[in-house]
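J.: Data: target-v6.tsv, TSV, C-alpha atoms and all ligand atoms.
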```
chain	number	residue	atom	x	y	z
A	1	MET	CA	-44.57	79.58	-46.69
A	2	LYS	CA	-45.54	79.84	-50.33
A	3	ILE	CA	-43.39	77.89	-52.79
A	4	THR	CA	-43.43	78.58	-56.52
A	5	PRO	CA	-41.17	75.97	-58.15
A	6	ALA	CA	-39.13	76.82	-61.23
A	7	LYS	CA	-40.72	75.42	-64.41
A	8	THR	CA	-37.45	73.95	-65.56
A	9	SER	CA	-34.09	73.49	-63.86
A	10	ARG	CA	-30.90	75.13	-65.14
A	11	ARG	CA	-28.84	72.53	-63.26
A	12	ASP	CA	-27.88	70.44	-66.31
A	13	GLN	CA	-26.52	73.46	-68.19
A	14	ILE	CA	-23.86	74.09	-65.54
A	15	ASP	CA	-20.32	72.74	-65.82
A	16	PHE	CA	-19.56	71.86	-62.21
A	17	ASP	CA	-15.86	71.47	-63.04
A	18	GLN	CA	-15.62	75.14	-63.98
A	19	LEU	CA	-17.15	76.91	-61.00
A	20	THR	CA	-16.00	80.42	-60.13
A	21	PHE	CA	-16.92	81.43	-56.59
A	22	GLY	CA	-20.38	82.98	-56.39
A	23	GLN	CA	-21.14	83.27	-60.11
A	24	ILE	CA	-23.77	80.59	-60.60
A	25	PHE	CA	-26.96	80.45	-58.55
A	26	THR	CA	-29.44	77.64	-58.03
A	27	ASP	CA	-33.01	77.46	-59.37
A	28	HIS	CA	-34.71	79.04	-56.35
A	29	MET	CA	-34.41	81.85	-53.83
A	30	PHE	CA	-36.07	82.72	-50.54
A	31	ILE	CA	-37.71	86.11	-49.99
A	32	CYS	CA	-39.36	87.62	-46.95
A	33	ASP	CA	-40.41	91.26	-46.72
A	34	PHE	CA	-40.74	93.42	-43.63
A	35	LYS	CA	-43.52	95.97	-43.83
A	36	ASP	CA	-46.14	97.52	-41.57
A	37	GLY	CA	-43.86	96.70	-38.65
A	38	ALA	CA	-43.73	92.93	-39.22
A	39	TRP	CA	-42.09	90.22	-41.28
A	40	GLN	CA	-44.62	88.99	-43.83
A	41	THR	CA	-45.19	85.40	-45.00
A	42	PRO	CA	-41.97	84.16	-46.63
A	43	GLU	CA	-41.88	82.78	-50.15
A	44	ILE	CA	-39.62	80.67	-52.30
A	45	VAL	CA	-39.63	81.66	-55.96
A	46	PRO	CA	-37.53	80.88	-59.04
A	47	TYR	CA	-34.13	82.63	-58.86
A	48	GLY	CA	-34.15	85.85	-60.85
A	49	PRO	CA	-33.88	89.64	-60.85
A	50	ILE	CA	-35.78	91.70	-58.32
A	51	SER	CA	-37.22	95.13	-58.86
A	52	ILE	CA	-36.10	98.01	-56.67
A	53	ALA	CA	-36.69	101.76	-56.58
A	54	PRO	CA	-33.71	103.97	-57.53
A	55	SER	CA	-34.15	105.64	-54.13
A	56	MET	CA	-34.07	102.28	-52.31
A	57	SER	CA	-32.35	103.18	-49.08
A	58	ALA	CA	-29.78	100.34	-48.89
A	59	LEU	CA	-28.22	101.71	-52.08
A	60	HIS	CA	-27.73	105.10	-50.48
A	61	TYR	CA	-27.03	104.47	-46.81
A	62	GLY	CA	-25.78	100.91	-46.78
A	63	GLN	CA	-28.25	99.36	-44.37
A	64	ALA	CA	-27.43	95.83	-45.44
A	65	VAL	CA	-25.92	92.77	-43.76
A	66	PHE	CA	-25.27	89.21	-44.86
A	67	GLU	CA	-24.17	85.75	-43.79
A	68	GLY	CA	-22.10	82.99	-45.36
A	69	MET	CA	-22.91	79.32	-44.79
A	70	LYS	CA	-22.29	76.09	-46.66
A	71	ALA	CA	-24.41	73.00	-47.34
A	72	TYR	CA	-22.57	69.71	-47.84
A	73	LYS	CA	-23.69	66.45	-49.40
A	74	ASP	CA	-22.23	63.22	-48.05
A	75	THR	CA	-21.60	60.03	-50.03
A	76	ALA	CA	-25.01	58.62	-49.05
A	77	GLY	CA	-26.77	61.74	-50.36
A	78	GLY	CA	-27.36	63.23	-46.89
A	79	VAL	CA	-27.46	67.04	-46.85
A	80	TRP	CA	-25.92	68.96	-43.94
A	81	LEU	CA	-25.35	72.47	-42.71
A	82	PHE	CA	-22.61	73.40	-40.25
A	83	ARG	CA	-23.64	75.23	-37.07
A	84	PRO	CA	-26.46	77.20	-38.73
A	85	ASP	CA	-27.60	78.55	-35.35
A	86	GLU	CA	-24.39	80.55	-35.24
A	87	ASN	CA	-25.18	82.21	-38.55
A	88	PHE	CA	-28.74	82.87	-37.50
A	89	ASN	CA	-27.65	84.52	-34.27
A	90	ARG	CA	-24.95	86.52	-36.00
A	91	ILE	CA	-27.16	87.93	-38.74
A	92	ASN	CA	-29.45	89.27	-36.05
A	93	ARG	CA	-26.49	90.74	-34.13
A	94	SER	CA	-25.34	92.38	-37.35
A	95	SER	CA	-28.88	93.59	-38.04
A	96	GLU	CA	-29.22	95.11	-34.60
A	97	ARG	CA	-26.06	97.16	-35.15
A	98	LEU	CA	-27.41	98.42	-38.49
A	99	SER	CA	-30.90	99.15	-37.07
A	100	ILE	CA	-32.47	96.36	-39.12
A	101	PRO	CA	-35.31	94.42	-37.44
A	102	ALA	CA	-34.42	90.93	-36.20
A	103	PHE	CA	-35.46	88.05	-38.44
A	104	PRO	CA	-37.59	85.25	-36.89
A	105	LYS	CA	-35.75	81.98	-36.28
A	106	GLU	CA	-38.54	79.77	-37.61
A	107	TYR	CA	-38.60	81.62	-40.94
A	108	PHE	CA	-34.83	81.34	-41.26
A	109	PHE	CA	-34.78	77.59	-40.70
A	110	GLU	CA	-37.96	76.87	-42.68
A	111	GLY	CA	-36.50	78.86	-45.55
A	112	LEU	CA	-33.13	77.10	-45.44
A	113	ASN	CA	-34.67	73.64	-45.24
A	114	ALA	CA	-37.17	74.20	-48.03
A	115	LEU	CA	-34.65	75.87	-50.31
A	116	LEU	CA	-32.02	73.16	-49.85
A	117	LYS	CA	-34.62	70.45	-50.40
A	118	LEU	CA	-35.71	72.04	-53.67
A	119	ASP	CA	-32.15	72.68	-54.87
A	120	GLN	CA	-30.41	69.61	-53.40
A	121	ASN	CA	-29.22	68.51	-56.86
A	122	TRP	CA	-27.11	71.64	-56.97
A	123	ILE	CA	-24.90	70.60	-54.06
A	124	PRO	CA	-21.54	69.52	-55.52
A	125	THR	CA	-20.06	66.32	-54.14
A	126	ASP	CA	-16.41	66.47	-55.15
A	127	ALA	CA	-13.84	67.13	-52.42
A	128	GLY	CA	-13.70	70.75	-51.28
A	129	SER	CA	-16.90	71.71	-53.09
A	130	SER	CA	-20.17	72.64	-51.46
A	131	LEU	CA	-23.21	74.84	-51.86
A	132	TYR	CA	-22.48	78.33	-50.55
A	133	VAL	CA	-25.61	79.69	-48.90
A	134	ARG	CA	-25.95	83.45	-48.72
A	135	PRO	CA	-28.66	84.89	-46.43
A	136	PHE	CA	-28.84	88.69	-46.58
A	137	VAL	CA	-31.11	91.51	-45.56
A	138	PHE	CA	-31.34	95.07	-46.79
A	139	ALA	CA	-33.33	98.24	-46.33
A	140	ASN	CA	-35.92	98.34	-49.09
A	141	THR	CA	-37.76	101.59	-48.52
A	142	ALA	CA	-38.04	104.01	-51.44
A	143	GLY	CA	-36.78	107.40	-50.29
A	144	ILE	CA	-33.48	109.04	-49.47
A	145	GLN	CA	-34.14	110.27	-45.97
A	146	ALA	CA	-31.06	109.35	-43.92
A	147	SER	CA	-32.86	107.35	-41.25
A	148	PRO	CA	-33.62	103.66	-40.72
A	149	ALA	CA	-35.89	102.28	-43.40
A	150	LYS	CA	-39.42	101.15	-42.68
A	151	GLU	CA	-39.27	98.26	-45.12
A	152	TYR	CA	-36.69	95.49	-45.46
A	153	ARG	CA	-36.16	92.42	-47.56
A	154	PHE	CA	-34.55	89.21	-46.29
A	155	MET	CA	-33.35	86.77	-48.95
A	156	ILE	CA	-31.39	83.56	-49.26
A	157	ILE	CA	-29.60	82.62	-52.46
A	158	CYS	CA	-27.34	79.60	-53.05
A	159	SER	CA	-24.29	79.09	-55.23
A	160	PRO	CA	-22.35	75.87	-55.94
A	161	VAL	CA	-18.69	76.53	-55.16
A	162	LYS	CA	-15.22	75.06	-55.08
A	163	ALA	CA	-12.56	76.18	-52.63
A	164	TYR	CA	-12.42	80.01	-52.41
A	165	TYR	CA	-8.68	80.55	-52.75
A	166	SER	CA	-6.56	77.95	-54.40
A	167	GLY	CA	-3.01	77.61	-53.24
A	168	ALA	CA	-1.14	79.46	-50.55
A	169	MET	CA	-1.48	83.20	-50.07
A	170	ARG	CA	0.86	86.13	-49.70
A	171	VAL	CA	-0.56	88.79	-47.41
A	172	LYS	CA	0.50	92.36	-46.72
A	173	VAL	CA	0.34	93.93	-43.28
A	174	GLU	CA	-1.74	97.08	-43.71
A	175	GLU	CA	-0.55	100.09	-41.74
A	176	LYS	CA	-2.44	102.95	-43.34
A	177	PHE	CA	-6.00	101.85	-44.01
A	178	SER	CA	-8.28	100.28	-41.42
A	179	ARG	CA	-11.02	97.71	-41.81
A	180	ALA	CA	-12.73	98.50	-38.53
A	181	ALA	CA	-12.39	100.68	-35.46
A	182	PRO	CA	-13.52	100.41	-31.84
A	183	GLY	CA	-17.18	101.31	-31.58
A	184	GLY	CA	-17.70	100.68	-35.29
A	185	VAL	CA	-19.31	97.86	-37.22
A	186	GLY	CA	-16.33	95.52	-37.68
A	187	TYR	CA	-17.97	92.69	-35.73
A	188	ALA	CA	-21.02	92.81	-37.98
A	189	LYS	CA	-21.19	91.28	-41.44
A	190	ALA	CA	-22.17	94.66	-42.80
A	191	ALA	CA	-22.02	94.93	-46.59
A	192	GLY	CA	-20.03	98.18	-46.35
A	193	ASN	CA	-17.22	96.53	-44.36
A	194	TYR	CA	-16.36	94.58	-47.48
A	195	ALA	CA	-16.65	97.57	-49.82
A	196	ALA	CA	-14.16	99.47	-47.67
A	197	GLN	CA	-11.61	96.67	-48.10
A	198	PHE	CA	-11.56	96.67	-51.88
A	199	TYR	CA	-9.39	99.74	-52.41
A	200	PRO	CA	-6.54	98.87	-49.98
A	201	THR	CA	-6.69	95.22	-51.11
A	202	GLY	CA	-6.40	96.37	-54.72
A	203	LEU	CA	-3.28	98.35	-53.85
A	204	ALA	CA	-1.76	95.29	-52.16
A	205	GLN	CA	-2.63	93.15	-55.16
A	206	LYS	CA	-0.61	95.48	-57.37
A	207	GLU	CA	2.37	94.52	-55.19
A	208	ASP	CA	1.63	90.84	-55.83
A	209	TYR	CA	-0.15	90.10	-52.56
A	210	GLN	CA	-3.53	88.38	-52.54
A	211	GLN	CA	-4.87	89.92	-49.33
A	212	VAL	CA	-4.01	92.34	-46.56
A	213	ILE	CA	-3.65	91.69	-42.86
A	214	TRP	CA	-5.72	94.27	-41.03
A	215	THR	CA	-4.24	95.79	-37.92
A	216	ASP	CA	-5.84	97.76	-35.09
A	217	ALA	CA	-7.05	101.16	-36.25
A	218	SER	CA	-5.34	103.21	-33.54
A	219	ALA	CA	-1.70	102.04	-33.61
A	220	HIS	CA	-1.58	99.47	-36.46
A	221	GLN	CA	0.44	97.22	-34.18
A	222	ASN	CA	-1.80	94.24	-33.54
A	223	LEU	CA	-3.06	91.77	-36.07
A	224	GLU	CA	-6.86	91.71	-36.43
A	225	GLU	CA	-8.12	89.88	-39.55
A	226	SER	CA	-7.01	89.21	-43.10
A	227	GLY	CA	-9.25	89.87	-46.07
A	228	THR	CA	-12.47	88.02	-45.35
A	229	MET	CA	-10.81	85.74	-42.79
A	230	ASN	CA	-9.94	85.41	-39.13
A	231	VAL	CA	-6.25	84.66	-38.60
A	232	PHE	CA	-4.32	82.08	-36.57
A	233	VAL	CA	-0.60	82.27	-35.83
A	234	ARG	CA	1.56	79.40	-34.64
A	235	LEU	CA	4.62	80.37	-32.60
A	236	ASN	CA	6.54	77.18	-31.81
A	237	ASP	CA	3.68	74.96	-30.64
A	238	GLU	CA	1.38	77.71	-29.41
A	239	LEU	CA	-1.63	78.42	-31.61
A	240	ILE	CA	-2.81	82.00	-31.20
A	241	THR	CA	-5.74	84.00	-32.48
A	242	ALA	CA	-6.84	87.51	-31.61
A	243	PRO	CA	-9.80	87.89	-29.24
A	244	THR	CA	-13.06	88.91	-30.87
A	245	SER	CA	-13.98	92.51	-30.24
A	246	ASP	CA	-16.13	95.15	-31.84
A	247	SER	CA	-13.59	95.31	-34.66
A	248	ILE	CA	-13.14	91.56	-35.24
A	249	LEU	CA	-15.75	89.25	-36.71
A	250	ASP	CA	-16.83	86.38	-34.48
A	251	GLY	CA	-16.15	83.72	-37.10
A	252	VAL	CA	-17.86	80.33	-36.94
A	253	THR	CA	-14.81	78.62	-38.46
A	254	ARG	CA	-12.58	80.49	-35.98
A	255	LYS	CA	-14.50	79.27	-32.95
A	256	SER	CA	-14.73	75.73	-34.34
A	257	ILE	CA	-10.95	75.63	-34.87
A	258	LEU	CA	-10.38	76.85	-31.31
A	259	GLN	CA	-12.52	74.04	-29.95
A	260	ILE	CA	-10.97	71.33	-32.13
A	261	ALA	CA	-7.44	72.54	-31.34
A	262	LYS	CA	-8.08	72.49	-27.58
A	263	ASP	CA	-9.55	68.99	-27.81
A	264	LYS	CA	-6.51	67.82	-29.76
A	265	GLY	CA	-4.42	68.99	-26.83
A	266	LEU	CA	-2.78	71.92	-28.61
A	267	ALA	CA	-1.69	74.92	-26.58
A	268	VAL	CA	-4.24	77.51	-27.64
A	269	SER	CA	-4.13	81.19	-26.72
A	270	VAL	CA	-6.72	83.84	-27.46
A	271	ARG	CA	-4.81	87.06	-27.05
A	272	PRO	CA	-3.69	90.11	-29.00
A	273	ILE	CA	-0.90	89.31	-31.49
A	274	ALA	CA	1.58	92.08	-32.26
A	275	ILE	CA	3.00	92.22	-35.77
A	276	ALA	CA	6.35	92.58	-34.00
A	277	GLU	CA	5.90	89.03	-32.67
A	278	LEU	CA	5.56	87.75	-36.21
A	279	VAL	CA	8.72	89.54	-37.28
A	280	GLU	CA	10.64	88.35	-34.20
A	281	GLY	CA	9.26	84.84	-34.61
A	282	HIS	CA	10.41	84.86	-38.21
A	283	ALA	CA	13.94	85.81	-37.16
A	284	SER	CA	14.14	83.26	-34.34
A	285	GLY	CA	12.42	80.47	-36.22
A	286	ALA	CA	9.51	80.36	-33.75
A	287	LEU	CA	7.01	81.42	-36.41
A	288	LYS	CA	5.84	78.15	-37.88
A	289	GLU	CA	2.50	78.91	-39.51
A	290	VAL	CA	0.02	81.68	-40.21
A	291	PHE	CA	-3.35	80.84	-41.70
A	292	GLY	CA	-6.67	82.44	-42.44
A	293	CYS	CA	-10.02	80.80	-41.85
A	294	GLY	CA	-13.62	81.47	-42.75
A	295	THR	CA	-16.68	79.81	-44.21
A	296	ALA	CA	-15.73	80.53	-47.79
A	297	VAL	CA	-12.00	79.76	-47.45
A	298	VAL	CA	-12.21	77.06	-44.74
A	299	ILE	CA	-8.49	77.15	-43.74
A	300	SER	CA	-5.99	78.81	-46.00
A	301	PRO	CA	-2.25	78.87	-45.17
A	302	PHE	CA	-0.25	82.05	-45.78
A	303	GLU	CA	3.03	81.44	-47.57
A	304	GLY	CA	4.46	84.72	-46.37
A	305	PHE	CA	3.68	88.25	-45.27
A	306	GLY	CA	4.90	91.67	-46.26
A	307	PHE	CA	5.61	94.32	-43.65
A	308	GLN	CA	7.30	97.68	-44.13
A	309	ASN	CA	8.97	96.83	-47.43
A	310	ASN	CA	10.22	93.46	-46.23
A	311	TYR	CA	8.84	90.11	-47.22
A	312	TYR	CA	8.84	87.26	-44.70
A	313	PRO	CA	8.32	83.84	-46.29
A	314	ILE	CA	6.84	81.11	-44.12
A	315	GLU	CA	7.76	77.57	-44.99
A	316	ALA	CA	4.96	75.05	-44.52
A	317	PRO	CA	5.99	72.70	-41.68
A	318	THR	CA	5.60	68.95	-42.13
A	319	ASP	CA	3.48	68.74	-38.96
A	320	SER	CA	1.13	71.50	-40.09
A	321	PHE	CA	-1.53	72.45	-37.53
A	322	ALA	CA	-3.54	74.07	-40.33
A	323	GLN	CA	-3.64	70.79	-42.23
A	324	MET	CA	-4.52	68.70	-39.18
A	325	LEU	CA	-7.26	71.08	-38.05
A	326	LYS	CA	-8.68	71.33	-41.55
A	327	GLU	CA	-8.94	67.55	-41.87
A	328	THR	CA	-11.01	67.31	-38.70
A	329	LEU	CA	-13.16	70.34	-39.49
A	330	VAL	CA	-13.89	69.23	-43.04
A	331	GLY	CA	-14.51	65.65	-41.85
A	332	ILE	CA	-17.21	66.92	-39.51
A	333	GLN	CA	-18.69	69.19	-42.18
A	334	TYR	CA	-18.87	66.48	-44.87
A	335	ASN	CA	-20.00	63.74	-42.45
A	336	THR	CA	-16.92	61.57	-42.85
A	337	LEU	CA	-15.92	61.92	-39.18
A	338	GLU	CA	-17.74	61.67	-35.85
A	339	ASP	CA	-19.25	64.95	-34.73
A	340	PRO	CA	-18.76	64.98	-30.95
A	341	TYR	CA	-19.94	68.60	-30.81
A	342	ASN	CA	-23.28	68.21	-32.54
A	343	TRP	CA	-22.29	70.87	-35.06
A	344	ARG	CA	-23.77	69.11	-38.07
A	345	TYR	CA	-27.38	69.99	-38.80
A	346	LYS	CA	-29.26	67.47	-40.92
A	347	VAL	CA	-31.34	68.97	-43.70
A	348	LEU	CA	-32.13	65.79	-45.64
A	401	LIG	C1	-17.46	83.89	-45.80
A	401	LIG	O1	-16.45	83.29	-45.45
A	401	LIG	O2	-18.58	83.39	-45.86
A	401	LIG	C2	-17.36	85.28	-46.14
A	401	LIG	O3	-18.03	86.08	-45.58
A	401	LIG	C3	-16.49	85.63	-47.24
A	401	LIG	C4	-17.27	86.22	-48.34
A	401	LIG	C5	-17.15	87.70	-48.31
A	401	LIG	C6	-16.90	85.65	-49.64
```
Kindly present the structure from the file in structure tokens form.
T.:
Amino acid sequence: MKITPAKTSRRDQIDFDQLTFGQIFTDHMFICDFKDGAWQTPEIVPYGPISIAPSMSALHYGQAVFEGMKAYKDTAGGVWLFRPDENFNRINRSSERLSIPAFPKEYFFEGLNALLKLDQNWIPTDAGSSLYVRPFVFANTAGIQASPAKEYRFMIICSPVKAYYSGAMRVKVEEKFSRAAPGGVGYAKAAGNYAAQFYPTGLAQKEDYQQVIWTDASAHQNLEESGTMNVFVRLNDELITAPTSDSILDGVTRKSILQIAKDKGLAVSVRPIAIAELVEGHASGALKEVFGCGTAVVISPFEGFGFQNNYYPIEAPTDSFAQMLKETLVGIQYNTLEDPYNWRYKVL
């Protein structure tokens, strides 16, 4: 791998107390091009604009997928990733669905390690902050023929971040628009999945919600995801999340929470959740918690949900599962707790 270090660092010009998610990027970025049927030698170069043709196919046909990961720095200066194998495997599953060639594992890990070593001073250390790592790959062929591109570019960029959402969230159950449908690309982190959410989410935001709860595309009866998050529901002491499918993203935080919850002895169910159960649970008092989870948000409690012109507030319980699970998860991520699962990956 060729490394061209930045001549000077921008690190000292950044106010780490005033970070907005994904606005500031570190000094370096990773680039690897696919051409002539193969991934070429990767490079790390100073972060900056890239040049593309106006006919570049990702702009026209959306052949683009991404990942979201975080790097954490512990109090001794150790640098860690959380389950990076999961992100590596998922970006290639997403790529396969979008007809993008698989990226080699050794390039992915060499790139991550070298980039984080170079930009380690950019990893924030205050509670809840981390370095968001964004691998992505896009079709980079010039030409507007509607067929898979012949050339691709794989990149990794990094952004120091605080928590994604601050405070509790109000979410609206969406019954008209769909995020994903059976046979579609909902399980992939396809760029276009996110674009398609912006309009319905914007409508919900006008009604003072922060996000929508996506329901199944055919009947809009079962809960699928919310915004950029997987969702957990607690009915009495049962913790439930929807099974992954071709319309639900196989979230790394989701599967980590499932494991931690089982090991804490909680009653965990992976099964379809009807919106009707939420409404009934609200009436009976069985509905104790609903929370979203994801790499960017970690675990984010919902303070209420809107459904068919009614609003159902959810009062945070004193024995919050979300809080307990978050403490363990974050403890493993930041190396303040034992990691019985071997999920932490040491970079430095
Ligand atoms: C993540 O949690 O990493 C996501 O994919 C959310 C992102 C769209 C901000």
J.: Find the spatial neighbours of Lys150 (chain A), counting only C-alpha atoms, within a cut-off of 8 Å - ignore same-chain residues fewer than 6 positions away - and output them as a ChimeraX atom specification.
T.: /A:34-37,139-141
J.: Around the point (-16.2, 70.5, -44.5) (coordinates from the file), which residues reach within 9 Å if we count all atoms listed in the file? Answer as an NGL selection string.
T.: :A and (70 or 72 or 82 or 127-130 or 298 or 326-335)
J.: One decimal, Å: what's the distance from CA of Tyr132 (chain A) over to CA of Asp74 (chain A), could you say?
T.: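 Those two atoms sit 15.3 Å apart.
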J.: Would you compute the distance between CA of Ala276 (chain A) and CA of Val173 (chain A)? Give it in Å to one decimal.
T.: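 If I compute the distance from CA of Ala276 (chain A) to CA of Val173 (chain A), I get 11.1 Å.
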J.: Please, what distance in Å, to one decimal, runs between CA of Val231 (chain A) and atom O3 of ligand LIG 401 (chain A)?
T.: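 Straight-line distance from CA of Val231 (chain A) to atom O3 of ligand LIG 401 (chain A) works out to 13.8 Å.
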J.: Residues of chain A that have any atom at most 8 Å from an atom of ligand LIG 401 (chain A): could you tabulate them with the shortest-distance atom pair and the distance in Å to one decimal, using only C-alpha atoms and all ligand atoms, ordered by chain and increasing number, as a Markdown table?
T.:
```
| residue | atom | partner | partner_atom | distance |
| --- | --- | --- | --- | --- |
| A:Phe66 | CA | A:LIG401 | O3 | 7.9 |
| A:Glu67 | CA | A:LIG401 | O3 | 6.4 |
| A:Gly68 | CA | A:LIG401 | O2 | 3.6 |
| A:Met69 | CA | A:LIG401 | O2 | 6.0 |
| A:Tyr132 | CA | A:LIG401 | O2 | 7.9 |
| A:Arg134 | CA | A:LIG401 | O2 | 7.9 |
| A:Tyr164 | CA | A:LIG401 | C6 | 7.7 |
| A:Lys189 | CA | A:LIG401 | O3 | 7.4 |
| A:Tyr194 | CA | A:LIG401 | C5 | 7.0 |
| A:Thr228 | CA | A:LIG401 | C3 | 5.0 |
| A:Met229 | CA | A:LIG401 | O1 | 6.7 |
| A:Cys293 | CA | A:LIG401 | O1 | 7.8 |
| A:Gly294 | CA | A:LIG401 | O1 | 4.3 |
| A:Thr295 | CA | A:LIG401 | O1 | 3.7 |
| A:Ala296 | CA | A:LIG401 | O1 | 3.7 |
| A:Val297 | CA | A:LIG401 | O1 | 6.0 |
| A:Val298 | CA | A:LIG401 | O1 | 7.6 |
```
J.: Taking every listed atom of region 313-319 of chain A and adding 3 Å to each side, what centre and edge lengths in Å (one decimal) does the axis-aligned box have, as JSON?
T.:
```
{"center_x": 5.9, "center_y": 76.3, "center_z": -42.6, "size_x": 10.8, "size_y": 21.1, "size_z": 13.3}
```
J.: Using all atoms listed in the file, can you tell me which of A:Arg10, A:Lys176, A:Lys117, A:Lys206 comes closest to Ser218 (chain A)?
T.: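 Ranking A:Arg10, A:Lys176, A:Lys117, A:Lys206 by distance to Ser218 (chain A), first place goes to A:Lys176.
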J.: Take the point (-15.9, 96.4, -48.9) in the file's coordinates, draw a sphere of radius 12 Å around it, and report as a CSV table (one decimal) with C-alpha atoms, keeping the file's coordinate frame every protein, DNA or RNA residue with an atom inside or on it, counting all atoms listed in the file.
T.:
```csv
chain,number,residue,atom,x,y,z
A,62,GLY,CA,-25.8,100.9,-46.8
A,65,VAL,CA,-25.9,92.8,-43.8
A,178,SER,CA,-8.3,100.3,-41.4
A,179,ARG,CA,-11.0,97.7,-41.8
A,180,ALA,CA,-12.7,98.5,-38.5
A,186,GLY,CA,-16.3,95.5,-37.7
A,189,LYS,CA,-21.2,91.3,-41.4
A,190,ALA,CA,-22.2,94.7,-42.8
A,191,ALA,CA,-22.0,94.9,-46.6
A,192,GLY,CA,-20.0,98.2,-46.4
A,193,ASN,CA,-17.2,96.5,-44.4
A,194,TYR,CA,-16.4,94.6,-47.5
A,195,ALA,CA,-16.6,97.6,-49.8
A,196,ALA,CA,-14.2,99.5,-47.7
A,197,GLN,CA,-11.6,96.7,-48.1
A,198,PHE,CA,-11.6,96.7,-51.9
A,199,TYR,CA,-9.4,99.7,-52.4
A,200,PRO,CA,-6.5,98.9,-50.0
A,201,THR,CA,-6.7,95.2,-51.1
A,202,GLY,CA,-6.4,96.4,-54.7
A,227,GLY,CA,-9.2,89.9,-46.1
A,228,THR,CA,-12.5,88.0,-45.4
```
J.: Between A:Gln221, A:Gln211, A:Gln308, A:Ser159, which is the closest to Leu131 (chain A) once you count all atoms listed in the file?
T.: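 For Leu131 (chain A), the nearest of the candidates is A:Ser159.
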J.: Given the choices A:Glu110, A:Asp119, A:Asp17, A:Glu289, which gets closest to Glu238 (chain A) if the distance is worked out from all atoms listed in the file?
T.: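 The shortest atom-to-atom distance to Glu238 (chain A) comes from A:Glu289.
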J.: With distances taken over all atoms listed in the file, which of A:Leu258, A:Met324, A:Lys264, A:Leu235 is nearest to Ala283 (chain A)?
T.: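 Distance minimum relative to Ala283 (chain A) lands on A:Leu235.
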J.: Which of these residues is nearest to Leu81 (chain A), using all atoms listed in the file: A:Leu287, A:Leu116, A:Ala181, A:Ala64?
T.: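 Distance minimum relative to Leu81 (chain A) lands on A:Leu116.
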